[in-house]
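Structure, as structure tokens:
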Amino acid sequence: MSTTPMAFGHITPETLGLFTDLYEIRMMEGYLAADHTAEATFSLFFRKLPPHRGYVVAAGLEQVIAALEDLSFGERALSYLAAQDVGEELLSFLEDFSFSGEVRAIPEGTVVFPNEPMVEVTAPIAEAQLLETLLINQIAFPSLIATKAARMRDVIDRKGNDQTLVDFGSRRAHGTDAGIKAGRAAYVGGFDGTSNLAAGEAFDVPVYGTMAHSWVQSFPTERAAFEAFVDVFGDDSVLLIDTYDTVNGAETAVEVAEEAGVDLAGVRLDSGDLAALSQEVAPIVGDADVFISSGMDEYAIADFFEDGGVGDGFGPGTALVTSTDAPKLEGVYKLVAVEEDGEFVPSMKLSTGKVSYPGQKSVRRIEGADGFESDVLAARGESGPGEELLVTVYEGGELVYTPPDLDAIRERRAEQVGALPSGVRKIRDPAEYPVEVSDDLEATTDSLQSDLEDRYLD
């Protein structure tokens with residue numbers, strides 16, 4: 001047997017520093033060589049909502065913190081960079097790397113909208129530049145999945161009866177890392193747990209499991225399969241009843257439980273006309289839960305209710321972990337200010353379709369008697385109405401923020417989504433939530449854009 005370790009693709013603290021793009025390293029090398037070491041501010045935000053989304057649920061900040069706490073360059077990373085012809089000055093800088101800047105962010109579970117900075121980093125420009133790839137990766141995917149999950153929970157809140165939601169999607173996720181993070185993000189978004197043990201162990205998310213068709217198929221008869229399962233798991237048994245005939249499977253499950261003297265915990269439906277079959281099965285199984293899987297997402301759950309389906313829980317999988325209907329949240333990380341002579345000077349680019357608001361930011365939320373009314377995107381330090389959403393996470397390189405536990409984040413998500421206008425919560429063609437730009441920020445943007453156009457455009 002070979003003793004050579006296989007490259008499985010896991011990121012470890014030893015290689016975390018390499019989770020960046022080569023151009024970040026090249027720019028860092030250039031900054032140092034040019035003695036261009038000014039403080040700079042970068043904002044991480046998205047320019048537009050994914051399709052059919054009226055909001056995004058912020059997630060991933062705890063992973064950002066974990067990454068920054070571990071971020072360093074050990075011998076393995078430095079050797080690799082040396083092999084890529086990275087110069088000695090940068091290698092020496094990275095050998096002693098420790099983040100020394102400021103991070104402000106919107107707490108997890110908060111609903112956010114286009115152009116609002118989810119994370120804002122202020123640090124020596126080489127340090128801030130290094131974080132681009134890592135931060136976008138840690139924020140965009142979890143926020144995408146938390147939003148998908150929140151939409152499913154919201155459909156249940158409005159049309160259902162507090163049904164259970166369990167993440168079944170890790171096998172269809174785009175990698176082990178994505179599967180684990182999806183389990184956590186789904187929990188943030190309102191799911192009750194996950195089927196994935198690694199996610200359960202890593203984040204203390206409740207885990208759930210039933211059985212697969214292979215269990216039933218491996219026995220001579222469906223009855224024998226159910227008897228064996230009930231003999232082992234007793235009152236905790238949830239039986240998959242659609243391997244052959246769903247209604248007959250439900251009848252057999254009840255008979256087996258009665259003969260064994262156990263209270264059947266539930267049955268699972270995984271194929272066919274789920275709404276119609278659930279109506280047939282529910283009276284047969286009585287007090288046992290009816291759990292629905294196969295193709296579940298917010299649209300399918302809404303249709304299930306509208307078609308009179310009867311269920312106590314749902315197990316979304318592929319549609320959750322890939323956010324099938326809207327598979328990307330295009331987070332960007334843009335330079336918005338550079339220090340000159342002790343002051344931060346706003347910065348922006350003029351690229352067509354990619355103009356962003358310059359300067360360090362404030363995001364304030366205005367709430368009325370019936371919930372959220374609007375947000376105000378303003379310059380940092382600018383006074384005005386509403387609650388400031390950005391909190392300080394790092395100050396002078398020191399962690400000064402204690403992340404709440406996951407249950408508190410879930411509660412925040414529930415309160416936030418519940419406070420949105422009903423039209424913004426729609427799962428199809430939602431209304432636009434108003435985000436106002438302050439007069440000062442608008443004036444700064446217009447003035448800087450005009451100045452840049454005079455300098456660089458004919």
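Order determines the names: the first chain of the structure tokens is A, the second B, and so forth; residues in each chain are numbered 1 upward, and ligands are numbered 1 upward as they are shown.
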Name the residues in contact with Gly109 in chain A at a cut-off of 10 Å, using only C-alpha atoms, excluding same-chain residues fewer than 3 positions from it; report them as a PyMOL selection string. chain A and resi 56-61+106+112+143+146-147+150+185+188-190+406+408-417
Need to verify the contact set: Ala202 in chain A, 10 Å, only C-alpha atoms, exclusion of same-chain residues closer than 2 positions in sequence. Can you return it as a tab-separated table (two decimals) with C-alpha atoms, in the first residue's frame?
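Everything below was put into out-v7.tsv:
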chain	number	residue	atom	x	y	z
A	180	ILE	CA	-21.00	20.95	5.26
A	181	LYS	CA	-21.47	24.69	4.87
A	183	GLY	CA	-25.99	22.21	6.35
A	184	ARG	CA	-25.09	25.15	8.58
A	197	LEU	CA	-23.02	14.00	10.26
A	198	ALA	CA	-19.97	16.15	9.46
A	199	ALA	CA	-22.13	19.28	9.45
A	200	GLY	CA	-23.81	18.13	12.64
A	204	ASP	CA	-23.80	21.32	16.49
A	205	VAL	CA	-26.70	21.19	14.03
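Near Phe168 in chain A, within a cut-off of 6 Å and counting only C-alpha atoms, sit the residues Ser195, Gly315, Pro316 and Gly317 of chain A, with same-chain residues fewer than 4 positions away left out.
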Can you work out the spacing between CA of Phe372 in chain A and CA of Leu420 in chain A in Å, to one decimal? 5.5 Å
Applying 9 Å and only C-alpha atoms, which residues near Pro51 in chain A remain after dropping the ones on its own chain fewer than 6 positions away? List them as a PyMOL selection string. chain A and resi 325-326+428-429
Limited to N, CA, C and O atoms, could you put the picked residues into a file as an mmCIF file, in the first residue's frame?
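Below you can see selection-v9.cif, which holds the result:
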data_model
loop_
_atom_site.group_PDB
_atom_site.id
_atom_site.type_symbol
_atom_site.label_atom_id
_atom_site.label_comp_id
_atom_site.auth_asym_id
_atom_site.auth_seq_id
_atom_site.Cartn_x
_atom_site.Cartn_y
_atom_site.Cartn_z
ATOM 1 N N ASP A 325 -32.732 27.160 -8.725
ATOM 2 C CA ASP A 325 -33.378 28.198 -9.535
ATOM 3 C C ASP A 325 -32.554 29.479 -9.607
ATOM 4 O O ASP A 325 -32.796 30.325 -10.475
ATOM 5 N N ALA A 326 -31.596 29.642 -8.695
ATOM 6 C CA ALA A 326 -30.745 30.848 -8.670
ATOM 7 C C ALA A 326 -29.412 30.445 -8.069
ATOM 8 O O ALA A 326 -29.156 30.666 -6.888
ATOM 9 N N ARG A 428 -42.143 34.359 -6.081
ATOM 10 C CA ARG A 428 -42.070 34.683 -7.509
ATOM 11 C C ARG A 428 -42.359 36.166 -7.685
ATOM 12 O O ARG A 428 -43.276 36.708 -7.085
ATOM 13 N N ASP A 429 -41.544 36.820 -8.504
ATOM 14 C CA ASP A 429 -41.736 38.240 -8.820
ATOM 15 C C ASP A 429 -41.953 39.099 -7.572
ATOM 16 O O ASP A 429 -42.965 39.795 -7.443
#
So that I can check the surroundings of range 352-354 of chain A, please list as a list in words every protein, DNA and RNA residue that reaches within 12 Å of it, counting only C-alpha atoms and ignoring chain neighbours fewer than 5 positions away.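 Here the answer would be Phe46, Arg47, Lys48, Asn115, Val332, Tyr333 and Lys334 of chain A.
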Contacts of range 75-81 of chain A at 8 Å or less, counting only C-alpha atoms, minus same-chain residues fewer than 5 places along, as a short mmCIF file (atom, residue, chain, number, x, y, z; two decimals) with all heavy atoms, in the first residue's frame?
data_model
loop_
_atom_site.label_atom_id
_atom_site.label_comp_id
_atom_site.auth_asym_id
_atom_site.auth_seq_id
_atom_site.Cartn_x
_atom_site.Cartn_y
_atom_site.Cartn_z
N GLU A 14 -2.64 24.87 7.34
CA GLU A 14 -1.34 24.88 6.68
C GLU A 14 -1.41 25.45 5.26
O GLU A 14 -0.45 26.02 4.76
CB GLU A 14 -0.78 23.45 6.64
CG GLU A 14 0.64 23.36 6.11
CD GLU A 14 1.15 21.93 6.08
OE1 GLU A 14 0.32 21.01 6.16
OE2 GLU A 14 2.37 21.75 5.98
N THR A 15 -2.57 25.27 4.60
CA THR A 15 -2.70 25.73 3.22
C THR A 15 -3.74 26.84 3.04
O THR A 15 -3.97 27.28 1.92
CB THR A 15 -3.08 24.55 2.29
OG1 THR A 15 -4.31 23.96 2.75
CG2 THR A 15 -1.98 23.49 2.29
N GLY A 17 -3.70 29.97 3.59
CA GLY A 17 -3.18 31.18 2.96
C GLY A 17 -3.16 31.11 1.45
O GLY A 17 -3.17 32.15 0.78
N LEU A 18 -3.12 29.90 0.90
CA LEU A 18 -3.09 29.74 -0.55
C LEU A 18 -4.48 29.82 -1.18
O LEU A 18 -4.59 29.80 -2.40
CB LEU A 18 -2.45 28.40 -0.92
CG LEU A 18 -0.98 28.23 -0.53
CD1 LEU A 18 -0.49 26.84 -0.90
CD2 LEU A 18 -0.11 29.30 -1.19
N VAL A 86 7.66 33.68 -6.53
CA VAL A 86 7.33 34.82 -5.67
C VAL A 86 8.62 35.30 -5.01
O VAL A 86 9.44 34.50 -4.53
CB VAL A 86 6.29 34.42 -4.61
CG1 VAL A 86 6.10 35.52 -3.57
CG2 VAL A 86 4.95 34.10 -5.28
N LEU A 91 7.71 36.83 0.39
CA LEU A 91 7.78 35.60 1.19
C LEU A 91 8.09 35.93 2.65
O LEU A 91 7.51 35.34 3.57
CB LEU A 91 8.84 34.66 0.63
CG LEU A 91 8.53 34.02 -0.73
CD1 LEU A 91 9.73 33.21 -1.21
CD2 LEU A 91 7.28 33.14 -0.67
N LEU A 94 4.95 37.36 4.22
CA LEU A 94 3.92 36.34 4.47
C LEU A 94 4.32 35.40 5.60
O LEU A 94 3.45 34.88 6.31
CB LEU A 94 3.65 35.54 3.19
CG LEU A 94 3.02 36.33 2.03
CD1 LEU A 94 2.89 35.45 0.81
CD2 LEU A 94 1.66 36.90 2.43
N GLU A 95 5.59 35.18 5.78
CA GLU A 95 6.05 34.28 6.83
C GLU A 95 5.60 34.76 8.20
O GLU A 95 5.31 33.96 9.10
CB GLU A 95 7.58 34.16 6.78
CG GLU A 95 8.14 33.14 7.75
CD GLU A 95 9.65 32.99 7.61
OE1 GLU A 95 10.27 33.80 6.88
OE2 GLU A 95 10.20 32.05 8.21
#
Given the choices A:Ala38, A:Arg425, A:Leu144, A:Val393, which gets closest to Leu68 in chain A if the distance is worked out from only C-alpha atoms? A:Val393
So which residues touch Gly234 in chain A within 8 Å, counting only C-alpha atoms, skipping near sequence neighbours fewer than 4 positions away, as a list in words?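 Returned residues: Phe229, Val230, Val262, Asp263 and Leu264 of chain A.
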Alpha helix (DSSP H) per DSSP on the backbone: members of range 373-442 of chain A, as number ranges by chain: A: 406-418, 439-442
Can you tell me how far CA of Leu277 in chain A sits from CA of Ala302 in chain A, in Å to one decimal?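 If I compute the distance from CA of Leu277 in chain A to CA of Ala302 in chain A, I get 16.3 Å.
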Which value, in Å to one decimal, gives the distance between CA of Ala288 in chain A and CA of Glu259 in chain A?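 One can read the CA of Ala288 in chain A to CA of Glu259 in chain A distance as 15.6 Å.
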Write out as a PyMOL selection string the set of residues from range 153-184 of chain A that DSSP, computed on the backbone, places in strand (DSSP E or B). chain A and resi 164-167
Would you please work out which residue, of A:Glu251, A:Glu69, A:Glu339, A:Asp231, is nearest to Tyr394 in chain A when using only C-alpha atoms?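 Among the listed residues, A:Glu69 lies closest to Tyr394 in chain A.
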Have a look at A:Val121, A:Met152, A:Ala105, A:Ala67 and name the one nearest to Val391 in chain A; count only C-alpha atoms.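 Among the listed residues, the smallest separation from Val391 in chain A belongs to A:Ala105.
Distances here use only C-alpha atoms; by that measure, the residue among A:Pro206, A:Gly381, A:Pro220, A:Gly30 closest to Asp167 in chain A is A:Pro206.
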